[in-house]
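Just model_10.cif here, mmCIF, C-alpha atoms:
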```
data_coords
#
loop_
_atom_site.label_atom_id
_atom_site.label_comp_id
_atom_site.auth_asym_id
_atom_site.auth_seq_id
_atom_site.Cartn_x
_atom_site.Cartn_y
_atom_site.Cartn_z
CA MET B 1 0.00 0.00 0.00
CA GLN B 2 3.00 2.27 0.45
CA ALA B 3 3.37 2.45 -3.34
CA LEU B 4 -0.16 3.89 -3.61
CA LYS B 5 0.50 6.69 -1.13
CA GLY B 6 0.04 10.02 -2.86
CA GLN B 7 -1.54 8.38 -5.90
CA LEU B 8 -4.90 6.91 -4.87
CA THR B 9 -6.36 9.60 -2.60
CA LEU B 10 -9.84 10.31 -1.29
CA ARG B 11 -10.01 13.73 -2.92
CA GLY B 12 -8.77 12.31 -6.20
CA VAL B 13 -11.42 9.60 -6.21
CA ALA B 14 -14.13 12.12 -5.28
CA ILE B 15 -13.13 14.52 -8.06
CA GLY B 16 -12.85 11.63 -10.50
CA CYS B 17 -16.30 10.23 -9.66
CA VAL B 18 -18.05 13.60 -10.03
CA GLY B 19 -16.25 14.26 -13.30
CA CYS B 20 -16.98 10.72 -14.47
CA ALA B 21 -20.74 11.24 -14.08
CA ILE B 22 -20.61 14.53 -16.00
CA ILE B 23 -18.35 13.22 -18.77
CA THR B 24 -20.46 10.07 -19.14
CA ALA B 25 -23.59 12.12 -19.82
CA ALA B 26 -21.76 14.52 -22.14
CA SER B 27 -20.05 11.69 -24.02
CA ALA B 28 -23.30 9.82 -24.56
CA TYR B 29 -24.86 12.98 -26.00
CA THR B 30 -21.83 13.62 -28.23
CA ALA B 31 -21.79 10.05 -29.52
CA LEU B 32 -25.49 10.06 -30.36
CA LYS B 33 -25.37 13.51 -31.97
CA MET B 34 -22.18 13.13 -34.02
CA GLY B 35 -22.03 9.37 -34.56
CA ALA B 36 -18.49 9.40 -33.19
CA LEU B 37 -16.86 9.94 -29.82
CA PRO B 38 -13.40 11.49 -29.49
CA TRP B 39 -12.29 10.26 -26.07
CA PRO B 40 -12.22 13.26 -23.67
CA ILE B 41 -9.04 12.04 -21.98
CA ILE B 42 -7.16 15.30 -22.45
CA PHE B 43 -10.06 17.34 -21.11
CA ALA B 44 -10.26 15.03 -18.09
CA ALA B 45 -6.52 15.43 -17.52
CA ILE B 46 -6.77 19.23 -17.55
CA ILE B 47 -9.80 19.34 -15.25
CA SER B 48 -8.28 16.82 -12.83
CA LEU B 49 -5.05 18.76 -12.54
CA PHE B 50 -6.92 22.05 -12.15
CA PHE B 51 -9.07 20.92 -9.23
CA LEU B 52 -6.27 19.02 -7.52
CA LYS B 53 -4.03 22.09 -7.66
CA ALA B 54 -6.91 24.23 -6.37
CA LEU B 55 -7.15 21.96 -3.31
CA GLY B 56 -3.44 22.17 -2.55
CA HIS B 57 -0.25 20.32 -3.35
CA THR B 58 -0.54 17.43 -5.79
CA ASN B 59 1.66 15.31 -8.03
CA LEU B 60 1.47 13.73 -11.46
CA SER B 61 0.66 10.28 -10.07
CA GLU B 62 -2.40 11.56 -8.21
CA ALA B 63 -3.53 13.54 -11.26
CA ASN B 64 -3.05 10.49 -13.46
CA VAL B 65 -5.24 8.30 -11.24
CA THR B 66 -7.87 11.04 -10.96
CA HIS B 67 -8.17 11.65 -14.69
CA THR B 68 -8.27 7.89 -15.32
CA VAL B 69 -11.29 7.61 -13.02
CA MET B 70 -12.87 10.63 -14.68
CA SER B 71 -12.32 9.56 -18.29
CA ALA B 72 -13.53 6.01 -17.69
CA GLY B 73 -17.11 7.25 -18.02
CA ALA B 74 -16.52 8.16 -21.64
CA MET B 75 -15.52 4.60 -22.45
CA VAL B 76 -18.72 3.25 -20.93
CA ALA B 77 -20.79 5.92 -22.66
CA GLY B 78 -19.23 5.05 -26.01
CA GLY B 79 -19.96 1.37 -25.57
CA LEU B 80 -23.59 2.08 -24.69
CA ALA B 81 -24.21 4.78 -27.28
CA PHE B 82 -22.98 2.59 -30.13
CA THR B 83 -24.83 -0.58 -29.09
CA ILE B 84 -27.99 0.15 -27.07
CA PRO B 85 -29.70 2.18 -29.87
CA GLY B 86 -29.72 -1.05 -31.86
CA ALA B 87 -32.61 -2.19 -29.65
CA TRP B 88 -34.68 0.76 -30.87
CA MET B 89 -33.66 0.16 -34.49
CA LEU B 90 -34.80 -3.45 -34.23
CA GLY B 91 -38.02 -2.51 -32.44
CA HIS B 92 -37.22 -4.25 -29.15
CA ALA B 93 -36.92 -1.16 -26.94
CA ALA B 94 -40.14 -1.93 -25.05
CA GLU B 95 -38.72 -5.29 -23.98
CA ILE B 96 -35.66 -3.79 -22.23
CA ASP B 97 -35.86 -2.22 -18.77
CA TRP B 98 -33.29 -0.10 -16.98
CA PHE B 99 -32.01 -3.04 -14.89
CA GLN B 100 -31.10 -5.01 -18.00
CA MET B 101 -29.37 -1.98 -19.47
CA LEU B 102 -27.42 -1.51 -16.23
CA ALA B 103 -26.41 -5.17 -16.29
CA VAL B 104 -25.16 -4.81 -19.87
CA ALA B 105 -23.15 -1.72 -18.91
CA LEU B 106 -21.56 -3.43 -15.90
CA ALA B 107 -20.78 -6.53 -17.95
CA GLY B 108 -19.13 -4.34 -20.58
CA VAL B 109 -17.03 -2.61 -17.92
CA VAL B 110 -15.83 -5.90 -16.46
CA LEU B 111 -15.10 -7.36 -19.90
CA GLY B 112 -13.23 -4.21 -20.90
CA LEU B 113 -11.07 -4.30 -17.77
CA VAL B 114 -10.21 -7.96 -18.30
CA CYS B 115 -9.34 -7.45 -21.97
CA THR B 116 -7.28 -4.35 -21.16
CA ALA B 117 -5.29 -6.21 -18.52
CA LEU B 118 -4.62 -9.08 -20.92
CA LEU B 119 -3.86 -7.10 -24.07
CA ARG B 120 -2.17 -3.90 -22.89
CA ARG B 121 1.36 -5.27 -22.71
CA HIS B 122 1.17 -6.98 -26.10
CA PHE B 123 -0.19 -4.03 -28.06
CA ILE B 124 1.62 -1.21 -26.24
CA GLU B 125 4.99 -2.70 -25.30
CA ASP B 126 5.52 -5.58 -27.73
CA ALA B 127 3.70 -4.42 -30.89
CA GLU B 128 4.43 -0.75 -30.05
CA LEU B 129 1.15 0.45 -31.52
CA GLU B 130 0.51 4.17 -31.44
CA TYR B 131 -1.89 5.65 -28.91
CA PRO B 132 -1.72 9.40 -29.66
CA ILE B 133 -4.55 10.52 -27.39
CA GLY B 134 -3.08 8.73 -24.38
CA GLN B 135 0.36 10.17 -25.08
CA ALA B 136 -1.14 13.64 -25.51
CA ALA B 137 -2.91 13.29 -22.16
CA ALA B 138 0.39 12.39 -20.49
CA GLN B 139 2.13 15.41 -22.04
CA THR B 140 -0.81 17.56 -20.97
CA LEU B 141 -0.34 16.54 -17.35
CA VAL B 142 3.40 17.19 -17.53
CA ALA B 143 2.91 20.61 -19.14
CA GLY B 144 0.15 21.61 -16.75
CA ASP B 145 2.14 20.51 -13.72
CA SER B 146 5.29 22.32 -14.79
CA GLY B 147 3.42 25.55 -15.53
CA GLY B 148 5.36 28.29 -17.30
CA SER B 149 4.79 29.17 -20.94
CA THR B 150 3.72 25.64 -21.87
CA GLY B 151 0.99 25.57 -19.26
CA LYS B 152 -0.20 29.03 -20.30
CA LYS B 153 -0.43 27.95 -23.93
CA LEU B 154 -2.32 24.82 -22.93
CA PHE B 155 -4.95 26.53 -20.80
CA GLY B 156 -5.07 29.49 -23.21
CA ALA B 157 -5.96 27.16 -26.08
CA MET B 158 -8.64 25.57 -23.92
CA GLY B 159 -10.08 29.01 -23.14
CA LEU B 160 -10.12 30.04 -26.80
CA ALA B 161 -11.85 26.80 -27.77
CA GLY B 162 -14.47 27.37 -25.07
CA LEU B 163 -15.03 30.97 -26.21
CA PHE B 164 -15.38 29.87 -29.83
CA THR B 165 -17.92 27.21 -28.85
CA ALA B 166 -19.91 29.68 -26.74
CA LEU B 167 -20.06 32.15 -29.63
CA ARG B 168 -21.09 29.36 -32.00
CA ASP B 169 -23.68 27.51 -29.92
CA GLY B 170 -24.73 30.01 -27.27
CA LEU B 171 -24.88 33.31 -29.15
CA GLY B 172 -25.07 32.09 -32.73
CA ALA B 173 -22.42 34.62 -33.76
CA ILE B 174 -20.46 31.96 -35.65
CA PRO B 175 -22.11 29.49 -38.01
CA SER B 176 -21.73 25.88 -36.94
CA LEU B 177 -21.80 24.52 -40.49
CA LEU B 178 -20.26 25.81 -43.70
CA PHE B 179 -21.71 24.84 -47.08
CA GLY B 180 -24.60 23.21 -45.26
CA ASN B 181 -27.09 24.39 -47.89
CA VAL B 182 -25.57 22.27 -50.65
CA ALA B 183 -28.39 20.09 -51.96
CA LEU B 184 -27.23 16.58 -52.79
CA PRO B 185 -29.59 13.59 -52.87
CA GLY B 186 -29.03 11.32 -49.89
CA VAL B 187 -25.95 13.18 -48.62
CA ALA B 188 -25.74 15.58 -45.68
CA PHE B 189 -22.77 17.68 -46.75
CA GLY B 190 -21.07 20.46 -44.82
CA VAL B 191 -17.96 21.54 -42.94
CA TYR B 192 -18.57 21.49 -39.18
CA LEU B 193 -16.63 24.20 -37.35
CA SER B 194 -15.40 22.37 -34.27
CA PRO B 195 -12.23 23.06 -32.26
CA MET B 196 -12.59 19.58 -30.77
CA LEU B 197 -12.50 17.85 -34.14
CA LEU B 198 -9.60 20.05 -35.25
CA ALA B 199 -7.65 18.98 -32.17
CA VAL B 200 -8.49 15.32 -32.77
CA GLY B 201 -7.11 15.67 -36.29
CA PHE B 202 -3.81 16.96 -34.94
CA LEU B 203 -3.64 14.11 -32.44
CA VAL B 204 -4.31 11.19 -34.77
CA GLY B 205 -2.21 12.58 -37.60
CA THR B 206 -2.60 13.34 -41.28
CA GLY B 207 -2.66 9.71 -42.39
CA ALA B 208 -5.66 8.70 -40.31
CA VAL B 209 -7.55 11.87 -41.21
CA ALA B 210 -6.87 11.29 -44.91
CA VAL B 211 -8.22 7.74 -44.67
CA TRP B 212 -11.38 8.93 -42.90
CA PHE B 213 -11.89 11.68 -45.46
CA ALA B 214 -11.34 9.31 -48.36
CA GLY B 215 -13.88 6.90 -46.89
CA ALA B 216 -16.43 9.69 -46.57
CA LEU B 217 -15.85 10.75 -50.19
CA ILE B 218 -16.12 7.20 -51.53
CA GLY B 219 -19.17 6.36 -49.44
CA ASN B 220 -21.19 9.54 -49.89
CA PHE B 221 -20.14 10.88 -53.27
CA GLY B 222 -19.09 7.62 -54.89
CA ILE B 223 -21.71 5.12 -53.74
CA VAL B 224 -24.63 7.39 -52.85
CA VAL B 225 -24.35 10.21 -55.40
CA GLY B 226 -22.42 8.40 -58.15
CA GLY B 227 -24.20 5.07 -57.89
CA THR B 228 -27.61 6.72 -57.77
CA ALA B 229 -26.82 8.93 -60.76
CA ALA B 230 -25.65 5.88 -62.70
CA GLY B 231 -28.92 4.11 -61.96
CA LEU B 232 -27.30 1.25 -60.05
CA TRP B 233 -29.58 1.70 -57.02
CA ASP B 234 -31.82 4.25 -55.36
CA VAL B 235 -30.83 6.60 -52.52
CA ALA B 236 -32.20 4.39 -49.73
CA ALA B 237 -30.34 1.34 -51.02
CA ALA B 238 -27.13 3.36 -51.40
CA GLN B 239 -27.33 4.61 -47.82
CA GLY B 240 -27.86 1.04 -46.64
CA ILE B 241 -24.78 -0.08 -48.58
CA VAL B 242 -22.65 2.65 -46.99
CA SER B 243 -23.85 1.77 -43.48
CA SER B 244 -23.26 -1.93 -44.08
CA LEU B 245 -19.77 -1.30 -45.42
CA GLY B 246 -18.89 0.82 -42.40
CA MET B 247 -20.08 -1.82 -39.96
CA GLY B 248 -18.42 -4.55 -41.99
CA VAL B 249 -15.05 -2.80 -41.96
CA MET B 250 -15.17 -2.29 -38.19
CA MET B 251 -16.26 -5.84 -37.45
CA GLY B 252 -13.85 -7.28 -39.99
CA CYS B 253 -10.93 -5.39 -38.47
CA GLY B 254 -11.92 -6.61 -35.03
CA VAL B 255 -12.12 -10.22 -36.18
CA GLY B 256 -8.80 -9.86 -37.98
CA VAL B 257 -7.06 -8.49 -34.89
CA ILE B 258 -8.45 -11.32 -32.77
CA ALA B 259 -7.49 -13.99 -35.30
CA LYS B 260 -3.99 -12.65 -35.96
CA ASN B 261 -2.83 -11.11 -32.69
CA ILE B 262 -4.88 -12.58 -29.86
CA LEU B 263 -5.86 -16.21 -30.44
CA PRO B 264 -2.39 -17.46 -31.52
CA LYS B 265 -0.82 -15.78 -28.48
CA ALA B 266 -3.58 -16.26 -25.93
CA VAL B 267 -1.52 -18.43 -23.58
CA SER B 268 1.52 -16.14 -23.68
CA LEU B 269 -0.67 -13.07 -23.14
CA VAL B 270 -2.11 -14.56 -19.95
CA ARG B 271 1.37 -15.63 -18.80
CA ASP B 272 2.81 -12.15 -19.44
CA THR B 273 -0.08 -10.53 -17.60
CA ARG B 274 0.43 -12.77 -14.57
CA GLY B 275 4.13 -11.93 -14.61
CA SER B 276 3.42 -8.20 -14.74
CA VAL B 277 1.02 -8.48 -11.81
CA ALA B 278 3.59 -10.43 -9.80
CA VAL B 279 6.28 -7.81 -10.43
CA ALA B 280 3.88 -5.02 -9.46
CA ARG B 281 3.11 -6.79 -6.18
CA VAL B 282 6.81 -7.19 -5.44
CA GLU B 283 7.45 -3.51 -6.18
CA ALA B 284 4.59 -2.48 -3.91
CA ALA B 285 5.90 -4.68 -1.11
CA SER B 286 9.56 -3.75 -1.29
CA PRO B 287 11.54 -1.73 -3.86
CA THR B 288 14.67 -3.68 -2.92
CA ALA B 289 12.94 -7.00 -3.51
CA ALA B 290 11.70 -5.73 -6.86
CA ASP B 291 15.26 -4.91 -7.92
CA GLU B 292 16.41 -8.37 -6.88
CA ALA B 293 13.52 -10.00 -8.77
CA ALA B 294 14.31 -7.97 -11.89
CA ALA B 295 17.96 -8.98 -11.64
#
```
Would you write the structure of this file as structure tokens?
Amino acid sequence: MQALKGQLTLRGVAIGCVGCAIITAASAYTALKMGALPWPIIFAAIISLFFLKALGHTNLSEANVTHTVMSAGAMVAGGLAFTIPGAWMLGHAAEIDWFQMLAVALAGVVLGLVCTALLRRHFIEDAELEYPIGQAAAQTLVAGDSGGSTGKKLFGAMGLAGLFTALRDGLGAIPSLLFGNVALPGVAFGVYLSPMLLAVGFLVGTGAVAVWFAGALIGNFGIVVGGTAAGLWDVAAAQGIVSSLGMGVMMGCGVGVIAKNILPKAVSLVRDTRGSVAVARVEAASPTAADEAAA
């Protein structure tokens, strides 16, 4: 327990739980409205560090635990927002009560924790996959804790984004959508003015953004507009094809990852996870013993 001193604190858990409830509600709304959910990890990191500093001395470890608790709500909200509406689409909403929905949410949380514990080391340490939002959150905590010009730029950018959003949504002084009046059959076209989406683009990089944009062009202008104009199908059928392709790509990628990276290495993944847990217990019990075990 000595290793947790200064990291897992009562005030950190309290701040994290309150923020988790707020972020969960906001994330569910964002996911349903936009059809996508940029994880608010960076926002949670900034808010966690702000309130912890307001309450007195803190450290990066405490802020890291607090923002992890706070941002966990977004993960649950994303899982629910992208699955539960299927019950309404299939016409089974009347058959589901709140207790069943709560059970599904809790089961998803437990399953997510188990999968994260088993797969984190393989994908992050062995495969060295990129996780730009997580890395950005870590740098945000470091910059905010150190203060100076970096911290001022960070919180200044957050303030400008908030002001822009207030002018756009609250006062209507800035249009939320450019070229939104373009009339195309079956396609909702426009450029959404969003500081959040601009920041997400910087985080994930040009390559990922280019792939997303190309997919939108092919799906909407190629299949919907082009296919309809060529007489291959009507607008409703084209929209169904685009939706099916999107779901197929996501599910296919998931199946491919499981078949290639998880199933062949299932035993070693469990063994590595048990080894990591054992080392963590040794480190928590005695730093000297941990050094001897590592040697």
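Using only C-alpha atoms, every residue with an atom at most 8 Å from the point (-10.4, 10.2, -33.7) is listed here: Leu37, Pro38, Trp39, Leu197, Val200, Gly201, Leu203 and Val204 of chain B.
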* the PyMOL selection byres ((chain B and resi 176) around 8) on the file shown: which residues, as a ChimeraX atom specification? -> /B:168-169,174-175,177-178,192-194
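The residues returned by the PyMOL selection byres ((chain B and resi 11-15) around 9) on the shown structure are Gln7, Leu8, Thr9, Leu10, Gly16, Cys17, Val18, Gly19, Cys20, Ser48, Phe51, Leu52, Leu55, Glu62, Ala63, Val65, Thr66, His67, Val69 and Met70 of chain B.
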* Pick out the residues sitting within 12 Å of Tyr29 of chain B, and hand them over as a PyMOL selection string; count only C-alpha atoms, and ignore anything fewer than 3 positions along from it in its own chain. => chain B and resi 22-26+32-37+74+77-78+80-82
* Hey, can you check how far atom CA of Glu125 of chain B sits from atom CA of Lys265 of chain B? ->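 Atom-to-atom, atom CA of Glu125 of chain B and atom CA of Lys265 of chain B are spaced 14.7 Å apart.
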* To do: Mind giving me the straight-line distance from atom CA of Ile41 of chain B to atom CA of Ala137 of chain B in Å, one decimal?
  =>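 Separation of atom CA of Ile41 of chain B and atom CA of Ala137 of chain B: 6.3 Å.
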* Asked: Which of these, B:Ile262, B:Val225, B:Gln139, B:Pro132, has the shortest distance to Cys115 of chain B once you count only C-alpha atoms?
  -> B:Ile262
Can I get segment 109-142 of chain B with N, CA and C atoms filled in, as a compact mmCIF listing (two decimals), in the frame of the given file?
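Listing of rebuild-v8.txt after writing:
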```
# COMPACT_ATOMS: atom_id res chain seq x y z
N VAL B 109 -18.15 -3.15 -18.70
CA VAL B 109 -17.03 -2.61 -17.92
C VAL B 109 -16.09 -3.72 -17.48
N VAL B 110 -16.65 -4.79 -16.93
CA VAL B 110 -15.83 -5.90 -16.46
C VAL B 110 -15.06 -6.54 -17.62
N LEU B 111 -15.76 -6.77 -18.73
CA LEU B 111 -15.10 -7.36 -19.90
C LEU B 111 -14.00 -6.46 -20.43
N GLY B 112 -14.25 -5.15 -20.44
CA GLY B 112 -13.23 -4.21 -20.90
C GLY B 112 -12.00 -4.20 -20.01
N LEU B 113 -12.20 -4.26 -18.70
CA LEU B 113 -11.07 -4.30 -17.77
C LEU B 113 -10.25 -5.57 -17.95
N VAL B 114 -10.93 -6.69 -18.11
CA VAL B 114 -10.21 -7.96 -18.30
C VAL B 114 -9.40 -7.94 -19.59
N CYS B 115 -10.04 -7.49 -20.68
CA CYS B 115 -9.34 -7.45 -21.97
C CYS B 115 -8.18 -6.46 -21.93
N THR B 116 -8.36 -5.33 -21.26
CA THR B 116 -7.28 -4.35 -21.16
C THR B 116 -6.09 -4.93 -20.41
N ALA B 117 -6.38 -5.61 -19.31
CA ALA B 117 -5.29 -6.21 -18.52
C ALA B 117 -4.54 -7.26 -19.33
N LEU B 118 -5.25 -8.01 -20.16
CA LEU B 118 -4.62 -9.08 -20.92
C LEU B 118 -3.87 -8.57 -22.15
N LEU B 119 -4.38 -7.51 -22.77
CA LEU B 119 -3.86 -7.10 -24.07
C LEU B 119 -2.94 -5.88 -24.03
N ARG B 120 -2.93 -5.14 -22.92
CA ARG B 120 -2.17 -3.90 -22.89
C ARG B 120 -0.69 -4.12 -23.20
N ARG B 121 -0.08 -5.07 -22.53
CA ARG B 121 1.36 -5.27 -22.71
C ARG B 121 1.69 -5.66 -24.14
N HIS B 122 0.88 -6.52 -24.74
CA HIS B 122 1.17 -6.98 -26.10
C HIS B 122 1.10 -5.84 -27.10
N PHE B 123 0.01 -5.06 -27.05
CA PHE B 123 -0.19 -4.03 -28.06
C PHE B 123 0.67 -2.79 -27.81
N ILE B 124 0.89 -2.44 -26.54
CA ILE B 124 1.62 -1.21 -26.24
C ILE B 124 3.12 -1.43 -26.18
N GLU B 125 3.55 -2.49 -25.49
CA GLU B 125 4.99 -2.70 -25.30
C GLU B 125 5.61 -3.57 -26.39
N ASP B 126 4.94 -4.66 -26.75
CA ASP B 126 5.52 -5.58 -27.73
C ASP B 126 5.29 -5.09 -29.17
N ALA B 127 4.01 -4.87 -29.53
CA ALA B 127 3.70 -4.42 -30.89
C ALA B 127 4.00 -2.94 -31.09
N GLU B 128 4.12 -2.18 -30.00
CA GLU B 128 4.43 -0.75 -30.05
C GLU B 128 3.45 0.02 -30.94
N LEU B 129 2.16 -0.29 -30.78
CA LEU B 129 1.15 0.45 -31.52
C LEU B 129 1.04 1.87 -30.97
N GLU B 130 0.64 2.78 -31.84
CA GLU B 130 0.51 4.17 -31.44
C GLU B 130 -0.77 4.38 -30.63
N TYR B 131 -0.70 5.25 -29.67
CA TYR B 131 -1.89 5.65 -28.91
C TYR B 131 -1.78 7.16 -28.66
N PRO B 132 -2.01 7.96 -29.71
CA PRO B 132 -1.72 9.40 -29.66
C PRO B 132 -2.51 10.15 -28.60
N ILE B 133 -3.77 9.77 -28.37
CA ILE B 133 -4.55 10.52 -27.39
C ILE B 133 -4.03 10.27 -25.98
N GLY B 134 -3.65 9.02 -25.68
CA GLY B 134 -3.08 8.73 -24.38
C GLY B 134 -1.75 9.44 -24.16
N GLN B 135 -0.92 9.47 -25.19
CA GLN B 135 0.36 10.17 -25.08
C GLN B 135 0.15 11.67 -24.93
N ALA B 136 -0.84 12.21 -25.64
CA ALA B 136 -1.14 13.64 -25.51
C ALA B 136 -1.64 13.97 -24.12
N ALA B 137 -2.43 13.07 -23.52
CA ALA B 137 -2.91 13.29 -22.16
C ALA B 137 -1.74 13.32 -21.17
N ALA B 138 -0.78 12.41 -21.37
CA ALA B 138 0.39 12.39 -20.49
C ALA B 138 1.19 13.69 -20.62
N GLN B 139 1.40 14.15 -21.84
CA GLN B 139 2.13 15.41 -22.04
C GLN B 139 1.35 16.59 -21.48
N THR B 140 0.02 16.50 -21.54
CA THR B 140 -0.81 17.56 -20.97
C THR B 140 -0.61 17.67 -19.47
N LEU B 141 -0.57 16.53 -18.79
CA LEU B 141 -0.34 16.54 -17.35
C LEU B 141 1.04 17.10 -17.02
N VAL B 142 2.05 16.70 -17.78
CA VAL B 142 3.40 17.19 -17.53
C VAL B 142 3.47 18.70 -17.74
```
